[in-house]
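Quick look at start-v9.cif (mmCIF, N, CA and C atoms):
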data_target
loop_
_atom_site.label_atom_id
_atom_site.label_comp_id
_atom_site.auth_asym_id
_atom_site.auth_seq_id
_atom_site.Cartn_x
_atom_site.Cartn_y
_atom_site.Cartn_z
N MET A 1 -6.58 -18.59 -9.14
CA MET A 1 -5.17 -18.41 -8.98
C MET A 1 -4.52 -18.69 -10.32
N ARG A 2 -3.71 -17.75 -10.78
CA ARG A 2 -3.04 -17.88 -12.07
C ARG A 2 -1.55 -17.57 -11.92
N ILE A 3 -0.77 -18.17 -12.79
CA ILE A 3 0.65 -17.84 -12.89
C ILE A 3 0.77 -16.63 -13.78
N VAL A 4 1.54 -15.64 -13.36
CA VAL A 4 1.68 -14.39 -14.09
C VAL A 4 2.78 -14.52 -15.13
N LYS A 5 2.47 -14.13 -16.34
CA LYS A 5 3.48 -14.07 -17.39
C LYS A 5 4.13 -12.71 -17.32
N ARG A 6 5.41 -12.66 -17.50
CA ARG A 6 6.15 -11.38 -17.43
C ARG A 6 5.60 -10.43 -18.48
N GLY A 7 5.37 -9.20 -18.07
CA GLY A 7 4.88 -8.18 -18.98
C GLY A 7 3.38 -8.21 -19.21
N ALA A 8 2.67 -9.11 -18.56
CA ALA A 8 1.22 -9.20 -18.73
C ALA A 8 0.53 -8.08 -17.95
N ILE A 9 -0.60 -7.64 -18.44
CA ILE A 9 -1.37 -6.59 -17.79
C ILE A 9 -2.57 -7.23 -17.10
N ALA A 10 -2.72 -6.95 -15.81
CA ALA A 10 -3.82 -7.53 -15.04
C ALA A 10 -5.08 -6.69 -15.22
N THR A 11 -6.22 -7.35 -15.20
CA THR A 11 -7.49 -6.65 -15.28
C THR A 11 -8.31 -7.00 -14.05
N GLY A 12 -9.09 -6.05 -13.56
CA GLY A 12 -9.91 -6.29 -12.38
C GLY A 12 -9.12 -6.09 -11.11
N LYS A 13 -9.77 -6.37 -9.95
CA LYS A 13 -9.12 -6.20 -8.66
C LYS A 13 -8.38 -7.48 -8.31
N LEU A 14 -7.08 -7.46 -8.50
CA LEU A 14 -6.23 -8.62 -8.27
C LEU A 14 -5.07 -8.25 -7.37
N TYR A 15 -4.48 -9.26 -6.77
CA TYR A 15 -3.26 -9.10 -5.99
C TYR A 15 -2.18 -9.94 -6.63
N ARG A 16 -0.98 -9.39 -6.71
CA ARG A 16 0.16 -10.12 -7.25
C ARG A 16 1.16 -10.36 -6.13
N PHE A 17 1.77 -11.54 -6.17
CA PHE A 17 2.75 -11.92 -5.16
C PHE A 17 3.54 -13.11 -5.68
N ALA A 18 4.60 -13.44 -4.98
CA ALA A 18 5.42 -14.60 -5.34
C ALA A 18 5.26 -15.66 -4.26
N CYS A 19 5.15 -16.90 -4.68
CA CYS A 19 5.08 -18.00 -3.72
C CYS A 19 6.40 -18.03 -2.94
N PRO A 20 6.34 -18.06 -1.61
CA PRO A 20 7.58 -18.03 -0.82
C PRO A 20 8.44 -19.29 -0.98
N TYR A 21 7.91 -20.36 -1.53
CA TYR A 21 8.66 -21.60 -1.66
C TYR A 21 9.22 -21.81 -3.05
N CYS A 22 8.35 -21.72 -4.08
CA CYS A 22 8.83 -21.99 -5.44
C CYS A 22 9.17 -20.71 -6.21
N LYS A 23 8.86 -19.55 -5.62
CA LYS A 23 9.18 -18.22 -6.19
C LYS A 23 8.45 -17.93 -7.50
N THR A 24 7.37 -18.64 -7.78
CA THR A 24 6.57 -18.40 -8.97
C THR A 24 5.73 -17.14 -8.76
N ASP A 25 5.67 -16.27 -9.77
CA ASP A 25 4.83 -15.07 -9.69
C ASP A 25 3.38 -15.49 -9.90
N LEU A 26 2.52 -15.10 -8.97
CA LEU A 26 1.11 -15.48 -9.00
C LEU A 26 0.23 -14.24 -8.90
N GLU A 27 -1.00 -14.38 -9.34
CA GLU A 27 -2.00 -13.34 -9.10
C GLU A 27 -3.28 -14.03 -8.67
N ALA A 28 -3.98 -13.40 -7.72
CA ALA A 28 -5.19 -14.00 -7.18
C ALA A 28 -6.19 -12.91 -6.84
N GLU A 29 -7.47 -13.28 -6.96
CA GLU A 29 -8.52 -12.39 -6.50
C GLU A 29 -8.61 -12.50 -4.99
N GLU A 30 -9.19 -11.48 -4.36
CA GLU A 30 -9.27 -11.45 -2.91
C GLU A 30 -10.00 -12.67 -2.35
N ALA A 31 -11.00 -13.16 -3.07
CA ALA A 31 -11.78 -14.31 -2.60
C ALA A 31 -10.96 -15.60 -2.56
N GLU A 32 -9.85 -15.66 -3.30
CA GLU A 32 -9.01 -16.86 -3.33
C GLU A 32 -8.01 -16.90 -2.19
N LEU A 33 -7.88 -15.79 -1.45
CA LEU A 33 -6.95 -15.70 -0.33
C LEU A 33 -7.74 -15.78 0.97
N THR A 34 -7.37 -16.69 1.86
CA THR A 34 -8.08 -16.89 3.11
C THR A 34 -7.28 -16.29 4.26
N ASP A 35 -7.93 -15.42 5.04
CA ASP A 35 -7.28 -14.83 6.22
C ASP A 35 -7.21 -15.90 7.30
N THR A 36 -6.00 -16.17 7.82
CA THR A 36 -5.83 -17.21 8.82
C THR A 36 -6.27 -16.77 10.21
N GLY A 37 -6.34 -15.45 10.44
CA GLY A 37 -6.83 -14.94 11.72
C GLY A 37 -6.04 -15.47 12.90
N TRP A 38 -6.72 -16.16 13.81
CA TRP A 38 -6.10 -16.63 15.05
C TRP A 38 -5.23 -17.86 14.86
N LEU A 39 -5.31 -18.54 13.72
CA LEU A 39 -4.54 -19.77 13.53
C LEU A 39 -3.03 -19.51 13.47
N HIS A 40 -2.65 -18.44 12.84
CA HIS A 40 -1.23 -18.10 12.68
C HIS A 40 -1.05 -16.64 13.08
N LYS A 41 0.13 -16.12 12.81
CA LYS A 41 0.36 -14.71 13.09
C LYS A 41 -0.68 -13.88 12.34
N SER A 42 -1.17 -12.83 12.98
CA SER A 42 -2.15 -11.98 12.30
C SER A 42 -1.50 -11.34 11.09
N GLY A 43 -2.29 -11.15 10.05
CA GLY A 43 -1.79 -10.56 8.82
C GLY A 43 -1.31 -11.57 7.81
N GLN A 44 -1.49 -12.86 8.09
CA GLN A 44 -1.09 -13.88 7.12
C GLN A 44 -2.31 -14.40 6.37
N LEU A 45 -2.08 -14.71 5.10
CA LEU A 45 -3.13 -15.23 4.24
C LEU A 45 -2.74 -16.62 3.75
N LYS A 46 -3.73 -17.47 3.61
CA LYS A 46 -3.51 -18.83 3.11
C LYS A 46 -3.94 -18.87 1.65
N PHE A 47 -3.15 -19.54 0.81
CA PHE A 47 -3.50 -19.70 -0.60
C PHE A 47 -3.00 -21.05 -1.07
N ALA A 48 -3.59 -21.54 -2.14
CA ALA A 48 -3.18 -22.81 -2.74
C ALA A 48 -2.30 -22.51 -3.95
N CYS A 49 -1.03 -22.85 -3.87
CA CYS A 49 -0.11 -22.61 -4.97
C CYS A 49 -0.33 -23.66 -6.06
N PRO A 50 -0.60 -23.23 -7.30
CA PRO A 50 -0.83 -24.21 -8.38
C PRO A 50 0.45 -24.93 -8.83
N VAL A 51 1.60 -24.39 -8.49
CA VAL A 51 2.86 -25.02 -8.88
C VAL A 51 3.31 -26.03 -7.81
N CYS A 52 3.31 -25.60 -6.54
CA CYS A 52 3.71 -26.49 -5.43
C CYS A 52 2.65 -27.55 -5.14
N LYS A 53 1.40 -27.26 -5.51
CA LYS A 53 0.26 -28.15 -5.23
C LYS A 53 0.03 -28.33 -3.73
N CYS A 54 0.30 -27.27 -2.96
CA CYS A 54 0.10 -27.29 -1.51
C CYS A 54 -0.48 -25.97 -1.04
N ASN A 55 -1.03 -25.98 0.16
CA ASN A 55 -1.46 -24.73 0.78
C ASN A 55 -0.25 -24.03 1.35
N ARG A 56 -0.14 -22.75 1.07
CA ARG A 56 0.99 -21.94 1.53
C ARG A 56 0.47 -20.71 2.26
N TYR A 57 1.34 -20.04 2.99
CA TYR A 57 0.98 -18.85 3.75
C TYR A 57 1.88 -17.70 3.34
N ILE A 58 1.31 -16.50 3.28
CA ILE A 58 2.07 -15.32 2.89
C ILE A 58 1.60 -14.14 3.74
N ASP A 59 2.54 -13.24 4.06
CA ASP A 59 2.18 -12.05 4.82
C ASP A 59 1.37 -11.11 3.94
N ARG A 60 0.42 -10.44 4.55
CA ARG A 60 -0.42 -9.49 3.83
C ARG A 60 0.41 -8.36 3.22
N THR A 61 1.55 -8.04 3.83
CA THR A 61 2.40 -6.96 3.34
C THR A 61 3.10 -7.31 2.02
N LYS A 62 3.15 -8.58 1.67
CA LYS A 62 3.82 -9.02 0.43
C LYS A 62 2.91 -8.89 -0.79
N LEU A 63 1.63 -8.60 -0.59
CA LEU A 63 0.69 -8.48 -1.70
C LEU A 63 0.80 -7.12 -2.37
N VAL A 64 0.68 -7.10 -3.68
CA VAL A 64 0.66 -5.86 -4.45
C VAL A 64 -0.67 -5.83 -5.19
N GLN A 65 -1.47 -4.81 -4.90
CA GLN A 65 -2.78 -4.72 -5.57
C GLN A 65 -2.59 -4.09 -6.94
N VAL A 66 -3.20 -4.73 -7.95
CA VAL A 66 -3.15 -4.19 -9.32
C VAL A 66 -4.52 -3.80 -9.78
#
Spit out the file's structure as C-alpha cells when you get a sec.
Amino acid sequence: MRIVKRGAIATGKLYRFACPYCKTDLEAEEAELTDTGWLHKSGQLKFACPVCKCNRYIDRTKLVQV
C-alpha cells in the first residue's frame, strides 16, 4: 500500500482509490485488498490505511484499475 503522489504514473496491475476517512489517495495491488464476503455488504474490500493506521473498508466500485 502506497500513498499516491499527484501526477505519478503507476506501473503494474494496481488499483487507485481514496481512503474514505482521511481522503488520502492510495494505490494497492490486488493481493493487499481483502474481500470481506459475508462479513459485510457484498462488494466491500478491507485494506489497511497507512495514514489512519487502521483497517478500513471501501466499495469495490470506488476502485480504479491502472
Could you write out as a CSV table (one decimal) with N, CA and C atoms, keeping the file's coordinate frame the residues that the PyMOL selection byres (((chain A and resi 49-57 and name CA) around 10) and name CA) matches in the shown file?
chain,number,residue,atom,x,y,z
A,1,MET,N,-6.6,-18.6,-9.1
A,1,MET,CA,-5.2,-18.4,-9.0
A,1,MET,C,-4.5,-18.7,-10.3
A,2,ARG,N,-3.7,-17.8,-10.8
A,2,ARG,CA,-3.0,-17.9,-12.1
A,2,ARG,C,-1.6,-17.6,-11.9
A,3,ILE,N,-0.8,-18.2,-12.8
A,3,ILE,CA,0.6,-17.8,-12.9
A,3,ILE,C,0.8,-16.6,-13.8
A,18,ALA,N,4.6,-13.4,-5.0
A,18,ALA,CA,5.4,-14.6,-5.3
A,18,ALA,C,5.3,-15.7,-4.3
A,19,CYS,N,5.2,-16.9,-4.7
A,19,CYS,CA,5.1,-18.0,-3.7
A,19,CYS,C,6.4,-18.0,-2.9
A,20,PRO,N,6.3,-18.1,-1.6
A,20,PRO,CA,7.6,-18.0,-0.8
A,20,PRO,C,8.4,-19.3,-1.0
A,21,TYR,N,7.9,-20.4,-1.5
A,21,TYR,CA,8.7,-21.6,-1.7
A,21,TYR,C,9.2,-21.8,-3.0
A,22,CYS,N,8.4,-21.7,-4.1
A,22,CYS,CA,8.8,-22.0,-5.4
A,22,CYS,C,9.2,-20.7,-6.2
A,23,LYS,N,8.9,-19.6,-5.6
A,23,LYS,CA,9.2,-18.2,-6.2
A,23,LYS,C,8.4,-17.9,-7.5
A,24,THR,N,7.4,-18.6,-7.8
A,24,THR,CA,6.6,-18.4,-9.0
A,24,THR,C,5.7,-17.1,-8.8
A,26,LEU,N,2.5,-15.1,-9.0
A,26,LEU,CA,1.1,-15.5,-9.0
A,26,LEU,C,0.2,-14.2,-8.9
A,33,LEU,N,-7.9,-15.8,-1.4
A,33,LEU,CA,-7.0,-15.7,-0.3
A,33,LEU,C,-7.7,-15.8,1.0
A,34,THR,N,-7.4,-16.7,1.9
A,34,THR,CA,-8.1,-16.9,3.1
A,34,THR,C,-7.3,-16.3,4.3
A,35,ASP,N,-7.9,-15.4,5.0
A,35,ASP,CA,-7.3,-14.8,6.2
A,35,ASP,C,-7.2,-15.9,7.3
A,36,THR,N,-6.0,-16.2,7.8
A,36,THR,CA,-5.8,-17.2,8.8
A,36,THR,C,-6.3,-16.8,10.2
A,40,HIS,N,-2.6,-18.4,12.8
A,40,HIS,CA,-1.2,-18.1,12.7
A,40,HIS,C,-1.0,-16.6,13.1
A,44,GLN,N,-1.5,-12.9,8.1
A,44,GLN,CA,-1.1,-13.9,7.1
A,44,GLN,C,-2.3,-14.4,6.4
A,45,LEU,N,-2.1,-14.7,5.1
A,45,LEU,CA,-3.1,-15.2,4.2
A,45,LEU,C,-2.7,-16.6,3.8
A,46,LYS,N,-3.7,-17.5,3.6
A,46,LYS,CA,-3.5,-18.8,3.1
A,46,LYS,C,-3.9,-18.9,1.6
A,47,PHE,N,-3.2,-19.5,0.8
A,47,PHE,CA,-3.5,-19.7,-0.6
A,47,PHE,C,-3.0,-21.0,-1.1
A,48,ALA,N,-3.6,-21.5,-2.1
A,48,ALA,CA,-3.2,-22.8,-2.7
A,48,ALA,C,-2.3,-22.5,-4.0
A,58,ILE,N,1.3,-16.5,3.3
A,58,ILE,CA,2.1,-15.3,2.9
A,58,ILE,C,1.6,-14.1,3.7
A,59,ASP,N,2.5,-13.2,4.1
A,59,ASP,CA,2.2,-12.0,4.8
A,59,ASP,C,1.4,-11.1,3.9
A,60,ARG,N,0.4,-10.4,4.6
A,60,ARG,CA,-0.4,-9.5,3.8
A,60,ARG,C,0.4,-8.4,3.2
Q | Interatomic distance (Å, one decimal) between atom C of A:Tyr15 and atom CA of A:Gly43 | A | 15.5 Å
(Q) Given the PyMOL selection byres ((chain A and resi 29) around 6) and the file above, list the residues it selects as a VMD selection string. (A) chain A and resid 1 13 to 15 27 to 28 30 to 33
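Between atom N of A:Asp25 and atom N of A:Gly37 lies a distance of 23.5 Å.
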